[in-house]
Amino acid sequence: MPTIHETNDLNEAIDIVQDENKRYPFILHNFDIGPCRQKWTCDYLASKIGSKPVRIHVSQEPILDFVRKNFTYETLPFDEVVRRCENVTNEKCFVSPTEHYYFRALGENVRTDIANIEKSFPSIVDDIRYPPLFSNEQLFSSVFRIGSPNTTLWTHYDIMDNILIQVRGSKRLIMFPPGDISYLYIDGDKSLVANLDSIDDEMFPLIKKATFYTGTLQTGDCLFIPALWFHNIKSLETAVSVNVFWRHLPIEMYESKDIYGNKDLVPFSKQFGQLTKCVNEINKLQEPYADFYLKRMLLYMQKSIEDRKRIQKET
């Protein structure tokens, strides 16, 4: 398995982000993320943020699966959440003392507001610094996250560039390039392959063709996740982090009402509906007509992919 690129050089990191022929993931070491690295203990965060109610994921299983929905949404005071995430077991619990917690900050109004640590958690925002990889105009959201030990998030992709700043704890990383989408059994923006440590080869035989990029994110590290790169992240211990999402493309390419930053780009989302209607109409035909025309559509799309590859090689 190849490893995720690592660098101590901020200038190299900027070059990778800005060079359209590179833009691969990397771990940036030794960037000064600010006093949060020393300050953001359980007690400090609990005292600074207090009993503000927050929404969390709660699951009896360590691997959160967004497809199976093996978790519930619950609400707790923030200071209670951070203390529960500090422990492997908790006497106070919803279902089981060994249940897992995952907090992903939302906007102040969960229906209309984009996550913004400055607005939602002003008492701690001055503690953290972001690596200067993008301009301020490209900033979309800043997401505060806390996870309990051994909690793994589902494999998925984002349509925006993402810098994951690991403030506390460590995480195991598994990433896949966008070109591996055919091997990952996608449902929307998520993979159906939940457990990458124990893959069912009979159910998911194609995933053997995917390229697993691996790495470990330590306290103080920053991970660059380019748009469309699939990522699976496991908290090896209590993990506190901040994701900063940035627009790589012109703003009109993104859905204007997308507060989470996970809706597909406008050119795709607009036309995909038409494609779905076309497929539904073809499926109404009897055989062998339906099979014939669906395969004809597939051949057209395959040819388009081949033409793009040929043009890229020529240029």
# chains A, B, ... in the order shown; residues from 1 in each chain; ligands from 1

$ residues_around --residues "A:Thr112" --least-positions-apart "6" --cutoff "12 Å" --atoms "only C-alpha atoms" --output "list of chain:residue names"
A:Leu106, A:Ser256, A:Lys257, A:Asp258, A:Ile259, A:Tyr260

$ residues_around --residues "stretch 31-44 of chain A" --least-positions-apart "6" --cutoff "6 Å" --atoms "only C-alpha atoms" --output "list in words"
Asp127, Ile128, Arg129 and Val167 of chain A

$ write_last_selection --atoms "N, CA and C atoms" --output "mmCIF file, in the first residue's frame"
data_model
loop_
_atom_site.group_PDB
_atom_site.id
_atom_site.type_symbol
_atom_site.label_atom_id
_atom_site.label_comp_id
_atom_site.auth_asym_id
_atom_site.auth_seq_id
_atom_site.Cartn_x
_atom_site.Cartn_y
_atom_site.Cartn_z
ATOM 1 N N ASP A 127 -7.530 30.332 19.689
ATOM 2 C CA ASP A 127 -6.495 29.358 20.057
ATOM 3 C C ASP A 127 -5.899 28.639 18.852
ATOM 4 N N ILE A 128 -6.550 28.716 17.697
ATOM 5 C CA ILE A 128 -6.152 27.884 16.568
ATOM 6 C C ILE A 128 -5.754 28.718 15.353
ATOM 7 N N ARG A 129 -4.758 28.218 14.597
ATOM 8 C CA ARG A 129 -4.313 28.848 13.361
ATOM 9 C C ARG A 129 -4.438 27.840 12.224
ATOM 10 N N VAL A 167 -5.867 18.571 16.423
ATOM 11 C CA VAL A 167 -5.474 19.345 17.599
ATOM 12 C C VAL A 167 -5.040 18.436 18.746
#

$ select_by_dssp --residues "stretch 233-292 of chain A" --states "alpha helix (DSSP H)" --output "JSON, numbers by chain"
{"A": [266, 267, 268, 269, 270, 271, 272, 273, 274, 275, 276, 277, 278, 279, 280, 281, 282, 283, 289, 290, 291, 292]}

$ residues_around --residues "A:Tyr101" --least-positions-apart "3" --cutoff "7 Å" --atoms "only C-alpha atoms" --output "list in words"
Ile56, His57, Val58, Ser59, Cys85, Gly147 and Ser148 of chain A

$ residues_around --residues "A:Leu196" --least-positions-apart "2" --cutoff "12 Å" --atoms "only C-alpha atoms" --output "ChimeraX atom specification"
/A:63,65,152-155,172-176,184,191-194,198-201,204,207-208,210,212,214,231-234

$ select_by_dssp --residues "stretch 99-294 of chain A" --states "strand (DSSP E)" --output "count of residues only"
55

$ residues_around --residues "A:Asp9" --least-positions-apart "3" --cutoff "8 Å" --atoms "only C-alpha atoms" --output "number ranges by chain"
A: 12-13, 28-29

$ write_last_selection --atoms "N, CA, C and O atoms" --output "PDB file, in the first residue's frame"
ATOM      1  N   GLU A  12       6.267  23.699   0.029  1.00  0.00           N
ATOM      2  CA  GLU A  12       5.941  22.525  -0.769  1.00  0.00           C
ATOM      3  C   GLU A  12       4.442  22.235  -0.688  1.00  0.00           C
ATOM      4  O   GLU A  12       3.807  21.908  -1.691  1.00  0.00           O
ATOM      5  N   ALA A  13       3.878  22.386   0.510  1.00  0.00           N
ATOM      6  CA  ALA A  13       2.445  22.162   0.686  1.00  0.00           C
ATOM      7  C   ALA A  13       1.631  23.125  -0.178  1.00  0.00           C
ATOM      8  O   ALA A  13       0.669  22.724  -0.841  1.00  0.00           O
ATOM      9  N   LEU A  28       0.966  17.642   6.619  1.00  0.00           N
ATOM     10  CA  LEU A  28       1.908  18.723   6.893  1.00  0.00           C
ATOM     11  C   LEU A  28       2.293  18.675   8.366  1.00  0.00           C
ATOM     12  O   LEU A  28       1.438  18.808   9.249  1.00  0.00           O
ATOM     13  N   HIS A  29       3.578  18.453   8.631  1.00  0.00           N
ATOM     14  CA  HIS A  29       4.105  18.430   9.997  1.00  0.00           C
ATOM     15  C   HIS A  29       4.708  19.799  10.353  1.00  0.00           C
ATOM     16  O   HIS A  29       5.087  20.577   9.480  1.00  0.00           O
TER      17      HIS A  29
END

$ residues_around --residues "stretch 243-255 of chain A" --least-positions-apart "4" --cutoff "6 Å" --atoms "only C-alpha atoms" --output "PyMOL selection string"
chain A and resi 138-143+160-164+265-266

$ write_last_selection --atoms "C-alpha atoms" --output "compact mmCIF listing (two decimals), in the first residue's frame"
# COMPACT_ATOMS: atom_id res chain seq x y z
CA GLN A 138 -12.24 30.56 -0.79
CA LEU A 139 -13.20 29.70 2.81
CA PHE A 140 -16.51 27.85 3.06
CA SER A 141 -16.77 26.45 6.59
CA SER A 142 -14.85 25.56 9.73
CA VAL A 143 -16.08 22.45 11.52
CA MET A 160 -14.55 20.86 -1.57
CA ASP A 161 -10.91 20.86 -0.55
CA ASN A 162 -10.47 20.11 3.12
CA ILE A 163 -7.75 20.72 5.68
CA LEU A 164 -8.09 18.48 8.73
CA LEU A 265 -21.38 20.23 -8.31
CA VAL A 266 -24.11 22.11 -10.16
